[in-house]
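my_file.txt follows; it contains compact mmCIF, C-alpha atoms.
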# COMPACT_ATOMS: atom_id res chain seq x y z
CA MET A 1 -95.80 -26.06 50.13
CA ASP A 2 -98.57 -27.79 52.03
CA THR A 3 -98.91 -31.52 51.61
CA ASN A 4 -102.33 -31.35 49.93
CA LEU A 5 -101.08 -29.00 47.23
CA ALA A 6 -97.96 -31.14 46.70
CA GLY A 7 -100.10 -34.24 46.51
CA LEU A 8 -102.49 -32.65 44.02
CA GLU A 9 -99.59 -31.51 41.85
CA ARG A 10 -98.14 -35.01 41.82
CA ARG A 11 -101.46 -36.64 40.91
CA ILE A 12 -102.25 -34.10 38.21
CA LEU A 13 -98.82 -34.58 36.65
CA GLU A 14 -99.33 -38.37 36.78
CA GLN A 15 -102.67 -38.05 34.97
CA MET A 16 -101.10 -35.79 32.36
CA HIS A 17 -98.26 -38.27 31.75
CA GLU A 18 -100.81 -41.08 31.39
CA GLN A 19 -103.05 -39.23 28.98
CA PHE A 20 -100.61 -37.20 26.89
CA ASP A 21 -97.26 -37.76 25.27
CA LEU A 22 -95.25 -35.38 27.47
CA PRO A 23 -91.59 -34.58 26.74
CA ALA A 24 -88.94 -35.80 29.20
CA GLY A 25 -88.34 -33.34 32.00
CA THR A 26 -91.93 -32.05 32.12
CA ALA A 27 -92.40 -30.62 35.59
CA ALA A 28 -95.43 -29.40 37.49
CA ASP A 29 -94.55 -25.81 36.62
CA THR A 30 -93.87 -26.42 32.91
CA PRO A 31 -96.26 -24.05 31.10
CA PHE A 32 -98.97 -25.64 28.96
CA GLU A 33 -97.81 -23.41 26.09
CA VAL A 34 -94.38 -25.01 26.19
CA LEU A 35 -96.09 -28.41 26.02
CA ASP A 36 -98.00 -27.20 22.94
CA PHE A 37 -101.40 -27.92 24.50
CA ASP A 38 -104.06 -26.84 22.01
CA SER A 39 -107.68 -26.11 22.91
CA LEU A 40 -108.74 -29.74 22.48
CA VAL A 41 -105.95 -30.93 24.80
CA LEU A 42 -107.26 -28.57 27.51
CA VAL A 43 -110.75 -30.04 27.04
CA GLU A 44 -109.28 -33.55 27.29
CA LEU A 45 -107.44 -32.50 30.46
CA GLY A 46 -110.67 -31.15 31.93
CA LEU A 47 -112.33 -34.50 31.30
CA VAL A 48 -109.39 -36.34 32.91
CA LEU A 49 -109.67 -34.10 35.99
CA LYS A 50 -113.43 -34.70 36.16
CA SER A 51 -112.87 -38.49 36.17
CA ALA A 52 -109.97 -38.34 38.62
CA PHE A 53 -111.23 -35.74 41.10
CA GLY A 54 -114.95 -35.43 40.39
CA VAL A 55 -114.53 -31.71 39.73
CA GLU A 56 -115.78 -29.66 36.76
CA VAL A 57 -113.09 -27.44 35.26
CA GLU A 58 -113.63 -25.48 32.04
CA ASP A 59 -110.91 -25.40 29.39
CA ASP A 60 -110.55 -21.62 29.71
CA GLU A 61 -109.92 -22.00 33.48
CA LEU A 62 -107.20 -24.53 32.68
CA LYS A 63 -105.69 -22.14 30.16
CA ALA A 64 -105.60 -19.43 32.83
CA ALA A 65 -104.09 -21.88 35.36
CA GLY A 66 -101.31 -22.42 32.82
CA SER A 67 -99.53 -25.47 34.30
CA ALA A 68 -100.05 -28.51 36.54
CA SER A 69 -99.06 -26.34 39.52
CA GLY A 70 -101.65 -23.76 38.55
CA VAL A 71 -104.30 -26.46 38.19
CA ALA A 72 -103.37 -27.89 41.60
CA ALA A 73 -103.87 -24.47 43.17
CA LEU A 74 -107.21 -24.12 41.36
CA LEU A 75 -108.44 -27.50 42.58
CA ALA A 76 -107.21 -26.80 46.13
CA SER A 77 -109.15 -23.54 46.10
CA ARG A 78 -112.23 -25.57 45.18
CA GLY A 79 -111.73 -27.74 48.25
CA VAL A 80 -110.34 -30.75 46.39
CA THR A 81 -108.12 -32.89 48.62
CA VAL A 82 -105.90 -35.79 47.65
CA MET B 1 -138.30 -57.92 22.19
CA THR B 2 -136.82 -56.47 19.06
CA ALA B 3 -133.86 -57.84 17.18
CA LEU B 4 -131.54 -56.54 14.51
CA ILE B 5 -131.84 -58.94 11.55
CA GLY B 6 -130.06 -57.12 8.72
CA LEU B 7 -127.46 -54.40 8.09
CA GLY B 8 -126.61 -52.60 4.85
CA THR B 9 -124.44 -49.61 4.06
CA TYR B 10 -123.53 -47.40 1.13
CA LEU B 11 -120.68 -44.92 0.61
CA PRO B 12 -120.56 -42.64 -2.44
CA PRO B 13 -117.55 -43.43 -4.63
CA ARG B 14 -115.70 -40.10 -4.53
CA GLU B 15 -112.90 -40.09 -1.94
CA VAL B 16 -111.76 -36.70 -0.67
CA THR B 17 -108.34 -36.88 0.96
CA ASN B 18 -106.79 -34.56 3.54
CA ALA B 19 -104.33 -33.44 0.86
CA GLU B 20 -107.17 -32.07 -1.26
CA LEU B 21 -108.76 -30.25 1.69
CA ALA B 22 -105.42 -29.02 3.02
CA ALA B 23 -104.90 -27.10 -0.21
CA ARG B 24 -108.43 -25.68 -0.08
CA PHE B 25 -108.36 -24.61 3.58
CA ASP B 26 -104.72 -23.61 3.98
CA THR B 27 -103.97 -26.36 6.47
CA SER B 28 -102.13 -29.66 6.37
CA ASP B 29 -102.73 -33.40 6.41
CA GLU B 30 -100.83 -33.50 9.74
CA TRP B 31 -103.07 -30.87 11.35
CA ILE B 32 -106.27 -32.55 10.19
CA THR B 33 -105.10 -36.00 11.28
CA ALA B 34 -103.77 -34.81 14.67
CA ARG B 35 -106.88 -32.77 15.39
CA THR B 36 -109.51 -35.27 14.21
CA GLY B 37 -108.01 -38.63 13.24
CA ILE B 38 -109.61 -38.35 9.80
CA ARG B 39 -107.55 -39.14 6.70
CA THR B 40 -110.16 -39.42 3.98
CA ARG B 41 -113.92 -39.10 3.59
CA ARG B 42 -116.54 -39.63 0.83
CA TRP B 43 -118.54 -36.82 -0.77
CA ALA B 44 -121.53 -37.45 -3.01
CA ASP B 45 -121.30 -36.21 -6.56
CA PRO B 46 -123.47 -33.20 -7.47
CA GLY B 47 -126.95 -34.47 -8.23
CA THR B 48 -126.75 -37.27 -5.66
CA ALA B 49 -128.97 -36.58 -2.67
CA THR B 50 -129.47 -38.19 0.72
CA GLY B 51 -132.47 -40.19 -0.52
CA ASP B 52 -130.25 -41.88 -3.11
CA LEU B 53 -127.81 -43.02 -0.43
CA ALA B 54 -130.69 -44.10 1.81
CA VAL B 55 -132.24 -46.22 -0.94
CA ALA B 56 -128.91 -47.94 -1.64
CA ALA B 57 -128.29 -48.72 2.04
CA GLY B 58 -131.91 -49.73 2.57
CA GLU B 59 -131.79 -52.16 -0.34
CA ARG B 60 -128.67 -53.75 1.11
CA ALA B 61 -130.18 -54.00 4.59
CA LEU B 62 -133.23 -55.79 3.19
CA LYS B 63 -130.93 -58.16 1.28
CA SER B 64 -128.89 -58.78 4.44
CA ALA B 65 -132.13 -59.63 6.27
CA GLY B 66 -133.32 -61.89 3.45
CA LEU B 67 -136.49 -59.82 3.02
CA GLY B 68 -138.54 -58.70 0.05
CA PRO B 69 -140.27 -55.33 -0.42
CA GLY B 70 -143.52 -56.55 1.10
CA ASP B 71 -141.95 -57.58 4.38
CA VAL B 72 -141.41 -54.19 6.01
CA ASP B 73 -144.09 -52.15 7.82
CA ALA B 74 -142.33 -48.83 8.38
CA VAL B 75 -139.35 -46.77 7.27
CA VAL B 76 -137.66 -44.42 9.72
CA LEU B 77 -134.95 -42.20 8.21
CA ALA B 78 -132.61 -40.20 10.42
CA THR B 79 -130.99 -37.28 8.65
CA THR B 80 -129.98 -33.62 8.96
CA THR B 81 -129.72 -33.34 5.18
CA PRO B 82 -133.11 -34.37 3.77
CA ASP B 83 -133.64 -34.16 0.02
CA HIS B 84 -135.90 -31.14 0.64
CA PRO B 85 -137.04 -29.22 3.74
CA CYS B 86 -140.52 -30.56 2.83
CA PRO B 87 -141.70 -33.28 2.47
CA ALA B 88 -139.70 -35.77 4.52
CA THR B 89 -137.38 -38.01 2.55
CA ALA B 90 -138.58 -41.33 4.03
CA PRO B 91 -141.79 -41.62 1.96
CA ASP B 92 -139.79 -41.26 -1.26
CA VAL B 93 -137.28 -43.84 -0.04
CA ALA B 94 -140.11 -46.24 0.80
CA ALA B 95 -141.65 -45.74 -2.65
CA ARG B 96 -138.34 -46.24 -4.44
CA LEU B 97 -137.68 -49.41 -2.47
CA GLY B 98 -141.09 -50.70 -3.56
CA LEU B 99 -142.27 -51.05 0.04
CA GLY B 100 -145.83 -49.93 -0.65
CA HIS B 101 -147.79 -47.44 1.43
CA VAL B 102 -146.01 -48.09 4.71
CA ALA B 103 -145.53 -45.59 7.54
CA ALA B 104 -142.53 -43.46 6.61
CA TYR B 105 -141.05 -40.47 8.43
CA ASP B 106 -137.81 -38.65 9.08
CA ILE B 107 -136.15 -38.26 12.46
CA ALA B 108 -134.21 -35.04 13.14
CA ALA B 109 -131.72 -35.56 15.96
CA VAL B 110 -128.53 -34.65 14.09
CA CYS B 111 -125.71 -37.04 15.00
CA SER B 112 -127.88 -38.85 17.57
CA GLY B 113 -130.40 -39.52 14.80
CA PHE B 114 -129.72 -43.18 14.08
CA LEU B 115 -130.06 -44.28 17.70
CA TYR B 116 -133.15 -42.09 18.13
CA ALA B 117 -134.59 -43.76 15.00
CA LEU B 118 -133.68 -47.18 16.39
CA ALA B 119 -135.55 -46.34 19.61
CA VAL B 120 -138.61 -45.16 17.70
CA GLY B 121 -138.60 -48.16 15.34
CA HIS B 122 -138.32 -50.44 18.35
CA GLY B 123 -141.22 -48.55 19.91
CA GLN B 124 -143.46 -49.16 16.91
CA ILE B 125 -142.72 -52.89 17.11
CA ALA B 126 -143.19 -53.02 20.87
CA ALA B 127 -146.55 -51.24 20.49
CA GLY B 128 -147.67 -53.83 17.96
CA GLN B 129 -147.82 -51.25 15.13
CA ALA B 130 -145.19 -52.98 13.02
CA ARG B 131 -143.53 -56.37 12.73
CA ARG B 132 -140.45 -55.11 10.89
CA VAL B 133 -139.02 -51.61 10.59
CA LEU B 134 -136.29 -50.38 8.23
CA VAL B 135 -134.17 -47.86 10.16
CA ILE B 136 -131.82 -45.75 8.07
CA GLY B 137 -129.21 -43.09 8.85
CA ALA B 138 -128.22 -41.17 5.71
CA GLU B 139 -126.41 -37.89 5.10
CA THR B 140 -124.95 -35.61 2.45
CA TYR B 141 -123.28 -33.06 4.73
CA SER B 142 -121.10 -32.06 1.76
CA THR B 143 -124.17 -30.07 0.61
CA ILE B 144 -124.36 -27.91 3.79
CA LEU B 145 -120.71 -27.21 4.60
CA ASP B 146 -119.46 -23.62 4.53
CA PRO B 147 -116.68 -23.50 1.93
CA ALA B 148 -114.88 -20.94 4.12
CA ASP B 149 -115.06 -22.95 7.37
CA ARG B 150 -112.05 -25.17 7.95
CA THR B 151 -113.34 -26.58 11.21
CA THR B 152 -116.40 -28.26 9.69
CA GLY B 153 -115.07 -28.62 6.15
CA VAL B 154 -112.48 -31.26 7.06
CA ILE B 155 -114.69 -33.26 9.39
CA PHE B 156 -117.88 -34.28 7.67
CA GLY B 157 -118.43 -37.01 5.10
CA ASP B 158 -121.38 -38.50 3.21
CA GLY B 159 -122.81 -41.99 3.53
CA ALA B 160 -125.71 -44.16 4.63
CA GLY B 161 -126.34 -47.19 6.81
CA ALA B 162 -129.53 -49.13 7.46
CA VAL B 163 -130.74 -51.93 9.70
CA VAL B 164 -133.88 -54.03 9.79
CA LEU B 165 -135.49 -54.37 13.20
CA ALA B 166 -137.92 -57.22 13.70
CA ALA B 167 -140.23 -58.41 16.45
CA GLU B 168 -138.43 -61.18 18.27
CA PRO B 169 -140.32 -63.40 20.71
CA GLU B 170 -137.29 -64.97 22.36
CA THR B 171 -135.31 -63.03 24.89
CA GLY B 172 -131.61 -63.73 25.04
CA ARG B 173 -131.27 -64.44 21.34
CA PRO B 174 -128.26 -62.74 19.61
CA GLY B 175 -129.29 -59.51 17.92
CA ALA B 176 -131.73 -58.45 20.65
CA LEU B 177 -132.00 -54.72 21.35
CA LEU B 178 -131.62 -54.78 25.12
CA GLY B 179 -132.20 -51.14 25.94
CA VAL B 180 -131.99 -47.52 24.85
CA ASP B 181 -131.31 -44.23 26.59
CA LEU B 182 -132.30 -40.93 24.98
CA GLY B 183 -131.76 -37.37 26.18
CA SER B 184 -131.61 -33.73 25.18
CA ASP B 185 -130.58 -30.28 26.38
CA GLY B 186 -132.21 -27.51 24.39
CA ALA B 187 -130.42 -24.83 26.41
CA LEU B 188 -127.36 -25.56 24.26
CA ARG B 189 -129.23 -25.41 20.95
CA ASP B 190 -126.75 -22.96 19.46
CA LEU B 191 -123.67 -25.20 19.70
CA ILE B 192 -124.52 -27.14 16.52
CA ARG B 193 -126.89 -25.63 13.97
CA ILE B 194 -127.86 -24.33 10.56
CA PRO B 195 -129.36 -20.95 11.54
CA ALA B 196 -131.46 -20.03 8.48
CA GLY B 197 -134.08 -21.87 6.43
CA GLY B 198 -136.59 -22.53 9.19
CA SER B 199 -139.30 -20.48 10.81
CA ARG B 200 -136.98 -18.83 13.36
CA LEU B 201 -134.90 -17.27 10.55
CA PRO B 202 -136.52 -17.81 7.13
CA ALA B 203 -134.07 -18.38 4.27
CA ARG B 204 -135.07 -15.08 2.66
CA ASP B 205 -134.04 -13.15 5.82
CA GLY B 206 -130.78 -14.93 6.57
CA ALA B 207 -127.30 -13.98 5.40
CA ALA B 208 -125.64 -16.44 3.03
CA ALA B 209 -123.39 -17.77 5.82
CA ASP B 210 -126.48 -18.59 7.93
CA ARG B 211 -127.48 -21.31 5.48
CA TYR B 212 -124.43 -23.40 6.39
CA PHE B 213 -123.79 -25.90 9.17
CA THR B 214 -121.87 -24.46 12.14
CA MET B 215 -120.41 -26.02 15.25
CA GLN B 216 -118.53 -24.71 18.32
CA GLY B 217 -115.87 -27.41 18.32
CA THR B 218 -114.26 -27.11 21.72
CA LYS B 219 -117.49 -26.88 23.71
CA VAL B 220 -119.00 -29.67 21.60
CA PHE B 221 -116.02 -31.91 22.36
CA GLN B 222 -116.52 -31.56 26.10
CA GLN B 223 -120.28 -31.99 25.95
CA ALA B 224 -119.98 -35.01 23.64
CA VAL B 225 -117.77 -37.00 26.01
CA VAL B 226 -119.77 -36.20 29.13
CA ARG B 227 -123.24 -36.70 27.64
CA MET B 228 -122.35 -39.93 25.81
CA GLY B 229 -120.44 -41.14 28.85
CA ASP B 230 -123.27 -40.46 31.29
CA SER B 231 -125.94 -41.83 28.93
CA ALA B 232 -123.96 -45.03 28.27
CA THR B 233 -123.32 -45.44 32.01
CA ALA B 234 -127.03 -45.10 32.80
CA LEU B 235 -127.89 -47.68 30.14
CA LEU B 236 -125.27 -50.15 31.37
CA GLU B 237 -126.72 -49.94 34.87
CA ARG B 238 -130.27 -50.43 33.58
CA ILE B 239 -129.47 -53.53 31.53
CA GLY B 240 -127.05 -54.98 34.08
CA TRP B 241 -123.84 -54.97 32.06
CA ARG B 242 -120.57 -54.26 33.86
CA ARG B 243 -118.08 -52.03 32.04
CA ASP B 244 -115.67 -54.92 31.57
CA GLU B 245 -118.47 -56.94 29.96
CA VAL B 246 -118.78 -54.52 27.03
CA ASP B 247 -117.04 -56.27 24.14
CA HIS B 248 -117.29 -53.36 21.72
CA LEU B 249 -117.85 -49.64 22.23
CA VAL B 250 -119.32 -48.14 19.07
CA GLY B 251 -119.33 -44.40 19.61
CA HIS B 252 -120.51 -41.77 17.17
CA GLN B 253 -117.52 -41.24 14.88
CA ALA B 254 -117.07 -37.51 15.40
CA ASN B 255 -113.38 -37.27 16.26
CA VAL B 256 -110.87 -39.92 17.28
CA ARG B 257 -109.88 -37.88 20.32
CA ILE B 258 -113.50 -37.82 21.49
CA LEU B 259 -113.66 -41.61 21.11
CA ALA B 260 -110.44 -42.01 23.13
CA ALA B 261 -111.66 -39.61 25.84
CA LEU B 262 -115.03 -41.41 25.90
CA ALA B 263 -113.43 -44.84 26.38
CA ARG B 264 -111.36 -43.39 29.19
CA TYR B 265 -114.40 -41.68 30.77
CA LEU B 266 -116.30 -44.97 30.64
CA LYS B 267 -113.26 -46.95 31.89
CA ILE B 268 -113.60 -49.27 28.89
CA PRO B 269 -110.28 -50.37 27.33
CA ALA B 270 -109.47 -48.19 24.33
CA GLU B 271 -108.89 -51.23 22.10
CA ARG B 272 -112.59 -52.14 22.46
CA ALA B 273 -113.59 -48.88 20.77
CA VAL B 274 -114.55 -49.24 17.12
CA VAL B 275 -112.92 -46.59 14.94
CA ASN B 276 -113.61 -46.07 11.24
CA LEU B 277 -113.79 -42.29 10.98
CA ASP B 278 -110.25 -42.24 9.60
CA ARG B 279 -111.75 -43.54 6.34
CA VAL B 280 -115.24 -42.01 6.28
CA GLY B 281 -115.09 -38.87 8.47
CA ASN B 282 -118.03 -37.79 10.58
CA THR B 283 -121.13 -39.02 8.75
CA SER B 284 -123.59 -37.79 11.38
CA ALA B 285 -126.69 -40.04 11.41
CA ALA B 286 -124.95 -42.62 9.19
CA SER B 287 -122.01 -42.86 11.59
CA ILE B 288 -123.16 -45.69 13.87
CA PRO B 289 -124.37 -48.14 11.19
CA LEU B 290 -121.27 -47.46 9.06
CA ALA B 291 -119.06 -48.19 12.09
CA LEU B 292 -120.97 -51.40 12.83
CA ALA B 293 -120.58 -52.57 9.23
CA ASP B 294 -116.89 -51.71 9.14
CA ALA B 295 -116.18 -53.61 12.35
CA ALA B 296 -118.22 -56.58 11.11
CA ALA B 297 -116.34 -56.58 7.79
CA GLN B 298 -113.06 -56.72 9.70
CA GLY B 299 -114.27 -59.74 11.61
CA ARG B 300 -114.29 -57.94 14.94
CA PHE B 301 -117.73 -59.07 16.02
CA ALA B 302 -118.56 -62.61 17.14
CA VAL B 303 -122.21 -63.65 17.38
CA GLY B 304 -123.42 -62.81 20.85
CA ASP B 305 -120.78 -60.13 21.51
CA ARG B 306 -122.02 -57.27 23.72
CA VAL B 307 -122.13 -54.08 21.65
CA LEU B 308 -122.67 -50.69 23.33
CA MET B 309 -123.54 -47.84 20.97
CA THR B 310 -123.63 -44.19 21.97
CA ALA B 311 -124.06 -40.95 20.06
CA PHE B 312 -124.27 -37.20 20.62
CA GLY B 313 -125.43 -34.41 18.40
CA GLY B 314 -127.09 -31.08 17.88
CA GLY B 315 -130.11 -30.17 19.93
CA LEU B 316 -128.27 -30.99 22.02
CA THR B 317 -129.27 -34.63 21.84
CA TRP B 318 -127.69 -37.87 23.00
CA ALA B 319 -128.58 -41.53 22.79
CA SER B 320 -127.24 -44.93 23.73
CA ALA B 321 -128.34 -48.44 22.80
CA ALA B 322 -127.12 -51.94 23.55
CA ILE B 323 -127.39 -55.11 21.49
CA THR B 324 -125.77 -58.48 21.33
CA TRP B 325 -124.33 -59.02 17.90
CA PRO B 326 -126.67 -61.02 15.64
CA ASP B 327 -125.87 -63.84 13.27
CA ILE B 328 -126.15 -61.77 10.07
CA HIS B 329 -124.25 -61.07 6.87
CA PRO B 330 -124.07 -57.30 6.41
CA CYS B 331 -124.28 -56.13 2.78

Write out the structure in this file as structure tokens.
Amino acid sequence: MDTNLAGLERRILEQMHEQFDLPAGTAADTPFEVLDFDSLVLVELGLVLKSAFGVEVEDDELKAAGSASGVAALLASRGVTV
Amino acid sequence: MTALIGLGTYLPPREVTNAELAARFDTSDEWITARTGIRTRRWADPGTATGDLAVAAGERALKSAGLGPGDVDAVVLATTTPDHPCPATAPDVAARLGLGHVAAYDIAAVCSGFLYALAVGHGQIAAGQARRVLVIGAETYSTILDPADRTTGVIFGDGAGAVVLAAEPETGRPGALLGVDLGSDGALRDLIRIPAGGSRLPARDGAAADRYFTMQGTKVFQQAVVRMGDSATALLERIGWRRDEVDHLVGHQANVRILAALARYLKIPAERAVVNLDRVGNTSAASIPLALADAAAQGRFAVGDRVLMTAFGGGLTWASAAITWPDIHPC
């Protein structure tokens, strides 16, 4: 995996741990469904990403991304670098 | 300059708990609390209208300010639930408070209403049209909620809060209104609305469901944090307050998760956010003054504390205002 993608994954996971009460063992590829993220959590995550990376991400895009890894790939595709 | 010299609030006596609503809407106390942070709210009894709550809060605000009925020059009432679609409720409130033939009008900015009304009342004073203005936020949302809609049915509560604004010659005195920021985005008018009963869809042409209040919760959540956050940030820059200098963040009490996300967005410590929606729900235009009174009653505010208020509502509309806390006894 390229270093930017790895870096983005790490930072996104950090933000998620800070904002939400994640179970032990949550990894970058743990699906949001497994974490029981409801629609409001995805909105909250979008706001966290906006503050952290300056990027606008809709909650339905986050749902489609499905995990921290998926979000990292989405942000990388938008030109976000860490 | 304008200063806040009195604060009064009124909540109707009937408490409606999550347990009662959970039975009605086939949900649970846990779901409601986790989703919104609300545990209980007040609903007016049948026959009690917004004007009744406004009069009670207005009376208390005047008492808090040490004023008599002849001392006020205007009444501005923010509400989405007026007593009637016509006329405005403010003239009746003014008459019932014995204020005489003062200027009296309603402000319609949904949950941003109180801060919009504060801005307008301040404007009348700054323009020399009034020396003292009674600004009220009052709602009976219980009268417009769809009995089949769980998403709005568990959120909204009834109540009223009022402040007295007065011309204040000295700058820097506690209680001064230091600045306001108002905004709107009509492109998103459909996110929060009551579709029927106006000229776009007359009541006679609308379906029964169109007469109720509706809200697109997820989109509203996102818009609320960003618009309040950006408005509050712009105001802080204008009045020269740093984020760490804000002693208290009084956000519109829509949802505890919105308040937490807002504090984070603004980089203001979460413990500085005032929260009382757990006990009153979302009271729309009454939300800000009820939150101020609750925090004051808990002894949170010291005279001179920097208080940043921000609200967001249908329209869309948003508003922020900043004061230093006055030396008053809220009633």

Counting all atoms listed in the file, the residue of A:Val71, A:Leu13, A:Val43, A:Ala24 that sits nearest Glu58 (chain A)
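Among the listed residues, the smallest separation from Glu58 (chain A) belongs to A:Val43.
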
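The interface of chain B with chain A at 9 Å, considering all atoms listed in the file, consists of B:Arg35, B:Gly217, B:Thr218, B:Lys219, B:Phe221, B:Gln222, B:Val225, B:Val226, B:Arg257, B:Ile258, B:Ala261, B:Arg264, B:Tyr265.
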
Go ahead and find all residues with at least one atom no further than 12 Å from (-99.7, -33.8, 35.4) in the file's coordinates, using all atoms listed in the file; report them as a ChimeraX atom specification.
/A:6-23,25-32,35,45-46,48-49,52,66-72

Please produce an output containing C-alpha atoms for each residue in the selection, written as a PDB file, keeping the file's coordinate frame.
ATOM      1  CA  ALA A   6     -97.960 -31.140  46.700  1.00  0.00           C
ATOM      2  CA  GLY A   7    -100.100 -34.240  46.510  1.00  0.00           C
ATOM      3  CA  LEU A   8    -102.490 -32.650  44.020  1.00  0.00           C
ATOM      4  CA  GLU A   9     -99.590 -31.510  41.850  1.00  0.00           C
ATOM      5  CA  ARG A  10     -98.140 -35.010  41.820  1.00  0.00           C
ATOM      6  CA  ARG A  11    -101.460 -36.640  40.910  1.00  0.00           C
ATOM      7  CA  ILE A  12    -102.250 -34.100  38.210  1.00  0.00           C
ATOM      8  CA  LEU A  13     -98.820 -34.580  36.650  1.00  0.00           C
ATOM      9  CA  GLU A  14     -99.330 -38.370  36.780  1.00  0.00           C
ATOM     10  CA  GLN A  15    -102.670 -38.050  34.970  1.00  0.00           C
ATOM     11  CA  MET A  16    -101.100 -35.790  32.360  1.00  0.00           C
ATOM     12  CA  HIS A  17     -98.260 -38.270  31.750  1.00  0.00           C
ATOM     13  CA  GLU A  18    -100.810 -41.080  31.390  1.00  0.00           C
ATOM     14  CA  GLN A  19    -103.050 -39.230  28.980  1.00  0.00           C
ATOM     15  CA  PHE A  20    -100.610 -37.200  26.890  1.00  0.00           C
ATOM     16  CA  ASP A  21     -97.260 -37.760  25.270  1.00  0.00           C
ATOM     17  CA  LEU A  22     -95.250 -35.380  27.470  1.00  0.00           C
ATOM     18  CA  PRO A  23     -91.590 -34.580  26.740  1.00  0.00           C
ATOM     19  CA  GLY A  25     -88.340 -33.340  32.000  1.00  0.00           C
ATOM     20  CA  THR A  26     -91.930 -32.050  32.120  1.00  0.00           C
ATOM     21  CA  ALA A  27     -92.400 -30.620  35.590  1.00  0.00           C
ATOM     22  CA  ALA A  28     -95.430 -29.400  37.490  1.00  0.00           C
ATOM     23  CA  ASP A  29     -94.550 -25.810  36.620  1.00  0.00           C
ATOM     24  CA  THR A  30     -93.870 -26.420  32.910  1.00  0.00           C
ATOM     25  CA  PRO A  31     -96.260 -24.050  31.100  1.00  0.00           C
ATOM     26  CA  PHE A  32     -98.970 -25.640  28.960  1.00  0.00           C
ATOM     27  CA  LEU A  35     -96.090 -28.410  26.020  1.00  0.00           C
ATOM     28  CA  LEU A  45    -107.440 -32.500  30.460  1.00  0.00           C
ATOM     29  CA  GLY A  46    -110.670 -31.150  31.930  1.00  0.00           C
ATOM     30  CA  VAL A  48    -109.390 -36.340  32.910  1.00  0.00           C
ATOM     31  CA  LEU A  49    -109.670 -34.100  35.990  1.00  0.00           C
ATOM     32  CA  ALA A  52    -109.970 -38.340  38.620  1.00  0.00           C
ATOM     33  CA  GLY A  66    -101.310 -22.420  32.820  1.00  0.00           C
ATOM     34  CA  SER A  67     -99.530 -25.470  34.300  1.00  0.00           C
ATOM     35  CA  ALA A  68    -100.050 -28.510  36.540  1.00  0.00           C
ATOM     36  CA  SER A  69     -99.060 -26.340  39.520  1.00  0.00           C
ATOM     37  CA  GLY A  70    -101.650 -23.760  38.550  1.00  0.00           C
ATOM     38  CA  VAL A  71    -104.300 -26.460  38.190  1.00  0.00           C
ATOM     39  CA  ALA A  72    -103.370 -27.890  41.600  1.00  0.00           C
TER      40      ALA A  72
END

Tell me, in Å to one decimal, how far CA of Gly198 (chain B) is from CA of Gly314 (chain B).
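Pair CA of Gly198 (chain B) / CA of Gly314 (chain B) returns 15.5 Å.
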
Separating CA of Thr283 (chain B) from CA of Thr2 (chain B), to the nearest tenth of an Å, is a gap of 25.6 Å

Contacts of region 298-309 of chain B at 8 Å (all atoms listed in the file; same-chain gap of 6+ positions) as a PDB file with C-alpha atoms, in the coordinates of the input:
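Okay, selection_39.pdb is ready:
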ATOM      1  CA  PRO B 174    -128.260 -62.740  19.610  1.00  0.00           C
ATOM      2  CA  GLY B 175    -129.290 -59.510  17.920  1.00  0.00           C
ATOM      3  CA  ALA B 232    -123.960 -45.030  28.270  1.00  0.00           C
ATOM      4  CA  GLU B 245    -118.470 -56.940  29.960  1.00  0.00           C
ATOM      5  CA  VAL B 246    -118.780 -54.520  27.030  1.00  0.00           C
ATOM      6  CA  ASP B 247    -117.040 -56.270  24.140  1.00  0.00           C
ATOM      7  CA  HIS B 248    -117.290 -53.360  21.720  1.00  0.00           C
ATOM      8  CA  LEU B 249    -117.850 -49.640  22.230  1.00  0.00           C
ATOM      9  CA  VAL B 250    -119.320 -48.140  19.070  1.00  0.00           C
ATOM     10  CA  GLY B 251    -119.330 -44.400  19.610  1.00  0.00           C
ATOM     11  CA  HIS B 252    -120.510 -41.770  17.170  1.00  0.00           C
ATOM     12  CA  ILE B 288    -123.160 -45.690  13.870  1.00  0.00           C
ATOM     13  CA  SER B 320    -127.240 -44.930  23.730  1.00  0.00           C
ATOM     14  CA  ALA B 321    -128.340 -48.440  22.800  1.00  0.00           C
ATOM     15  CA  ALA B 322    -127.120 -51.940  23.550  1.00  0.00           C
ATOM     16  CA  ILE B 323    -127.390 -55.110  21.490  1.00  0.00           C
ATOM     17  CA  THR B 324    -125.770 -58.480  21.330  1.00  0.00           C
ATOM     18  CA  TRP B 325    -124.330 -59.020  17.900  1.00  0.00           C
ATOM     19  CA  PRO B 326    -126.670 -61.020  15.640  1.00  0.00           C
ATOM     20  CA  ASP B 327    -125.870 -63.840  13.270  1.00  0.00           C
TER      21      ASP B 327
END

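Closest approach to Gly229 (chain B) among B:Leu165, B:Val180, B:Ala19, B:Ala311: B:Ala311, based on all atoms listed in the file.
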
Provide the CA of Cys331 (chain B) to CA of Ala270 (chain B) distance in Å, to one decimal place.
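Pair CA of Cys331 (chain B) / CA of Ala270 (chain B) returns 27.3 Å.
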
Excluding Gly159 (chain B) and residues on its chain fewer than 4 positions from it, collect all residues at most 8 Å away from it, counting all atoms listed in the file, and give them as a compact mmCIF listing (two decimals) with C-alpha atoms, in the coordinates of the input.
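out_16.txt written:
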# COMPACT_ATOMS: atom_id res chain seq x y z
CA THR B 9 -124.44 -49.61 4.06
CA TYR B 10 -123.53 -47.40 1.13
CA LEU B 11 -120.68 -44.92 0.61
CA PRO B 12 -120.56 -42.64 -2.44
CA ARG B 42 -116.54 -39.63 0.83
CA TRP B 43 -118.54 -36.82 -0.77
CA LEU B 53 -127.81 -43.02 -0.43
CA ALA B 138 -128.22 -41.17 5.71
CA GLU B 139 -126.41 -37.89 5.10
CA THR B 140 -124.95 -35.61 2.45
CA THR B 283 -121.13 -39.02 8.75
CA ALA B 286 -124.95 -42.62 9.19
CA LEU B 290 -121.27 -47.46 9.06
